[in-house]
Amino acid sequence: MLAPLYAAIATSAFSILFGLGWIDASIASCGAALGWAVYEWFPALHAEAFSVFFAALAAGLFSEIASYFRRKPATVYMIASIIPLVPGGGMYYTMLSTLEGNTAQSVDTGIATLMTAFSIAIGLAVANVIGRIAFGNRYRPLRPKK
Amino acid sequence: MHTEELLLFAADTARLMLESGGETYRAEECAISIITSQGGAEAECFATATGLMLSFVSDDGKTHTVVRRIKKRIMNLEKVSRIDRMVRDLKTDQIGFEEAESELDRIERLPERSGKTRIAAGAFGAAFFALLFRADVREAFAAFFIGALVALVVRLSARLRMPDFIANLAGGALAAFCTLLLVQIGFLNRADVTIIGVIMLLVPGVAITNAIRDTIAGDFVAGLARGAEAFLAAAAISAGTGGAFALWQILQPLFGKGA
C-alpha cells in the first residue's frame, strides 16, 4: 500500500536532479504516485503493457492539467512523473543477459522492455492529444496587471 | 531586421532546449517561431539529438543558415520551461528581441545543482527505488549509502570530463561490488534488489521512452540517435556490473567461506 508513496519520494529525488523547483517537484511526485497507483491497483487484463499504458495515460493527463495551471510545458511534468514506470531495469537486464551469453533471455526481456517503453510513449501521446483538445496548446491566462 | 543576431539567437535557443532534455519537435518549433515572429520567411529547422540546422530567408531575399552541434545533454527541466516561457512571450510581443536575448543568456547560466544536493538526491532515489522493488529496511539502508557513493562517482567523472560511458561503467561496477561485499559480511541476504535500486540512478529508462516519443512524433533520426544513446548506456552499466560479478568470483575465495 505504501508503494505510491515510495514512487513519489523516488521521483522527487529525481525531479531535484532534473532541476525542478520544490513546487514543480511536488506536483511531479503526485503525478508519479498517481501513475504508480494505477499501475499497481489496476492490473488491466493482466498484461504488463496495458497496465503501463493506463498508468502513463493517468500521469500524462495529470501533467497536462498541471501544465495548464502552472503555465509550463507538460513535458516538464511528464518526464518526471513517468520515472518510476520507465523500463530502466528492463534495459539493464536485457544487456546483462546478452553479456552472459543468454540470448533467448535477452530477446525476451528486450522485447518486454520495448513494449513497456512503447506503452508509456503511447500513453503520453494520447494524453498530449487530449490536452491539446482541452486546452488548445495554451496556458491559463494571466490575470491582467492592475 | 538584424538577421545575423536573429539567426544565432534562434539556433542557440533550440540548442539549449535540446541540451536540457526538451523534445526534438519543441526545439524545432521554438527556433521557427522565434524567426517568424521577427519577420523571417521560410524558416526551417532540422534537429536531432546531436545537432541542428536552421535556415530562413530575410526580407532582402538572402538565405541564412547555421549549424549547431550538441555535445552535452544534461536533463534540466527548469531550463526547458523557462525557454518555453521566453519564446511564448516573444511571440506575443510581451518582451522585445533584446530582452529575449538577455533572458536566454540568463537561462544558459542557471546554476546546476550542487554536488551535495546531487549526492543526497542519489541516496534517497536509490533507497526509495529499492523499497519500490520490495526491498526490506536493511536493503533500502544499503541502497541509500551505495546510491550516495554512485552519485559521487558520477559527479567526479563529470568533473573530469569523462564520457558518460565511463561514468556508467564505473557506477555499475561500484554498485554491484559494494552490494556483494555487504552480502559477504552478512549484512544482506541477497544482492539483486539493492543493486537494481542503485542502478536506477543510471539506467536510461527516460532516454528510451523519449526516443520512442520522438519516433512517434515523426522525428525518426532523432529517435534513432536517442535510442542508440540509451542502448549504449544500458550496455555500459551491465558491463560494469557483469565485470564486478566476474571479479567477485575470483576474489571470493580470498574471504574464506562463500556467501
# chains A, B, ... in the order shown; residues from 1 in each chain; ligands from 1
call {"tool": "interface_residues", "arguments": {"of": "chain A", "to": "chain B", "cutoff": "9 Å", "atoms": "only C-alpha atoms", "output": "number ranges by chain"}}
result
A: 2-21, 71-73, 75-77, 79-80, 82-97, 99-100, 114, 116-118, 120-122, 124-125
call {"tool": "residues_around", "arguments": {"residues": "Glu42 of chain B", "least_positions_apart": "2", "cutoff": "8 Å", "atoms": "only C-alpha atoms", "output": "PyMOL selection string"}}
result
chain B and resi 40+44+55-57
call {"tool": "select_by_dssp", "arguments": {"residues": "segment 54-152 of chain B", "states": "strand (DSSP E)", "output": "NGL selection string"}}
result
:B and (54-57 or 63-69)
call {"tool": "write_last_selection", "arguments": {"atoms": "C-alpha atoms", "output": "PDB file, in the first residue's frame"}}
result
ATOM      1  CA  LEU B  54      18.406  26.170 -39.196  1.00  0.00           C
ATOM      2  CA  SER B  55      17.787  28.380 -42.178  1.00  0.00           C
ATOM      3  CA  PHE B  56      15.456  31.202 -43.202  1.00  0.00           C
ATOM      4  CA  VAL B  57      15.049  33.911 -45.824  1.00  0.00           C
ATOM      5  CA  THR B  63      19.054  32.808 -47.283  1.00  0.00           C
ATOM      6  CA  HIS B  64      20.756  32.481 -43.902  1.00  0.00           C
ATOM      7  CA  THR B  65      21.829  29.142 -42.457  1.00  0.00           C
ATOM      8  CA  VAL B  66      23.625  27.962 -39.366  1.00  0.00           C
ATOM      9  CA  VAL B  67      24.584  24.582 -37.907  1.00  0.00           C
ATOM     10  CA  ARG B  68      24.881  23.856 -34.202  1.00  0.00           C
ATOM     11  CA  ARG B  69      26.384  20.713 -32.694  1.00  0.00           C
TER      12      ARG B  69
END
call {"tool": "select_by_dssp", "arguments": {"residues": "segment 39-154 of chain B", "states": "helix (DSSP H, G or I)", "output": "MDAnalysis selection string"}}
result
chainID B and resid 77:91 97:108 115:132 137:154
call {"tool": "atom_distance", "arguments": {"atom1": "atom CA of Ala170 of chain B", "atom2": "atom CA of Ser157 of chain B"}}
result
9.1 Å
call {"tool": "residues_around", "arguments": {"residues": "Ser63 of chain A", "least_positions_apart": "3", "cutoff": "7 Å", "atoms": "only C-alpha atoms", "output": "list of chain:residue names"}}
result
A:Gly31, A:Ala59, A:Gly60, A:Ala66, A:Ser67, A:Ala74, A:Tyr77, A:Met78
call {"tool": "write_last_selection", "arguments": {"atoms": "C-alpha atoms", "output": "PDB file, in the first residue's frame"}}
result
ATOM      1  CA  GLY A  31       1.750  12.531 -10.811  1.00  0.00           C
ATOM      2  CA  ALA A  59       0.330  10.534 -15.269  1.00  0.00           C
ATOM      3  CA  GLY A  60       0.202  12.270 -18.654  1.00  0.00           C
ATOM      4  CA  ALA A  66      -0.592  20.801 -14.142  1.00  0.00           C
ATOM      5  CA  SER A  67       0.954  22.311 -17.270  1.00  0.00           C
ATOM      6  CA  ALA A  74       3.629  19.442 -20.000  1.00  0.00           C
ATOM      7  CA  TYR A  77       5.876  17.115 -15.506  1.00  0.00           C
ATOM      8  CA  MET A  78       5.664  14.113 -17.834  1.00  0.00           C
TER       9      MET A  78
END
call {"tool": "residues_around", "arguments": {"residues": "Ala222 of chain B", "least_positions_apart": "2", "cutoff": "8 Å", "atoms": "only C-alpha atoms", "output": "ChimeraX atom specification"}}
result
/B:24,47-49,211,214-215,219-220,224-226
call {"tool": "closest_residue", "arguments": {"among": "A:Ala112, A:Tyr39, A:Leu61, A:Asn102", "to": "Phe135 of chain A", "atoms": "only C-alpha atoms"}}
result
A:Leu61
call {"tool": "atom_distance", "arguments": {"atom1": "atom CA of Val154 of chain B", "atom2": "atom CA of Ala167 of chain B"}}
result
5.4 Å
call {"tool": "decode", "arguments": {"residues": "segment 50-120 of chain B", "atoms": "C-alpha atoms", "output": "CSV table (one decimal), in the first residue's frame"}}
result
chain,number,residue,atom,x,y,z
B,50,THR,CA,23.4,15.5,-31.7
B,51,GLY,CA,22.9,18.7,-33.8
B,52,LEU,CA,20.6,21.0,-35.6
B,53,MET,CA,20.4,23.0,-38.8
B,54,LEU,CA,18.4,26.2,-39.2
B,55,SER,CA,17.8,28.4,-42.2
B,56,PHE,CA,15.5,31.2,-43.2
B,57,VAL,CA,15.0,33.9,-45.8
B,58,SER,CA,15.4,37.5,-44.7
B,59,ASP,CA,13.5,40.4,-46.1
B,60,ASP,CA,16.3,41.3,-48.6
B,61,GLY,CA,15.8,37.9,-50.2
B,62,LYS,CA,19.0,36.3,-48.9
B,63,THR,CA,19.1,32.8,-47.3
B,64,HIS,CA,20.8,32.5,-43.9
B,65,THR,CA,21.8,29.1,-42.5
B,66,VAL,CA,23.6,28.0,-39.4
B,67,VAL,CA,24.6,24.6,-37.9
B,68,ARG,CA,24.9,23.9,-34.2
B,69,ARG,CA,26.4,20.7,-32.7
B,70,ILE,CA,25.0,19.3,-29.4
B,71,LYS,CA,27.8,17.8,-27.4
B,72,LYS,CA,26.4,17.6,-23.9
B,73,ARG,CA,23.0,16.5,-22.7
B,74,ILE,CA,22.1,17.3,-19.1
B,75,MET,CA,18.4,17.0,-18.2
B,76,ASN,CA,17.3,20.3,-16.8
B,77,LEU,CA,13.6,20.8,-16.9
B,78,GLU,CA,13.7,24.3,-15.3
B,79,LYS,CA,15.6,25.5,-18.4
B,80,VAL,CA,13.1,23.8,-20.7
B,81,SER,CA,10.2,25.6,-19.1
B,82,ARG,CA,11.9,29.0,-19.0
B,83,ILE,CA,12.9,28.8,-22.7
B,84,ASP,CA,9.3,27.9,-23.5
B,85,ARG,CA,8.1,30.9,-21.5
B,86,MET,CA,10.6,33.2,-23.2
B,87,VAL,CA,9.6,32.1,-26.7
B,88,ARG,CA,5.9,32.5,-25.9
B,89,ASP,CA,6.4,36.0,-24.6
B,90,LEU,CA,8.5,36.9,-27.6
B,91,LYS,CA,5.8,35.6,-29.9
B,92,THR,CA,3.1,37.6,-28.2
B,93,ASP,CA,5.2,40.7,-28.1
B,94,GLN,CA,5.3,40.8,-24.4
B,95,ILE,CA,9.1,41.2,-24.5
B,96,GLY,CA,11.3,42.6,-27.2
B,97,PHE,CA,14.1,40.9,-29.0
B,98,GLU,CA,16.9,42.4,-26.8
B,99,GLU,CA,15.1,41.3,-23.7
B,100,ALA,CA,14.7,37.8,-25.0
B,101,GLU,CA,18.4,37.6,-25.8
B,102,SER,CA,19.4,38.6,-22.3
B,103,GLU,CA,16.8,36.1,-20.9
B,104,LEU,CA,18.4,33.3,-22.9
B,105,ASP,CA,21.7,34.3,-21.6
B,106,ARG,CA,20.4,34.1,-18.0
B,107,ILE,CA,18.8,30.7,-18.7
B,108,GLU,CA,22.1,29.4,-20.1
B,109,ARG,CA,23.9,30.4,-17.0
B,110,LEU,CA,21.4,29.0,-14.5
B,111,PRO,CA,23.5,27.1,-11.9
B,112,GLU,CA,23.4,23.3,-11.9
B,113,ARG,CA,22.6,21.5,-8.7
B,114,SER,CA,25.4,21.5,-6.2
B,115,GLY,CA,27.4,18.3,-5.5
B,116,LYS,CA,25.8,17.9,-2.1
B,117,THR,CA,22.3,18.1,-3.4
B,118,ARG,CA,23.1,15.6,-6.1
B,119,ILE,CA,24.6,13.1,-3.7
B,120,ALA,CA,21.6,13.5,-1.3
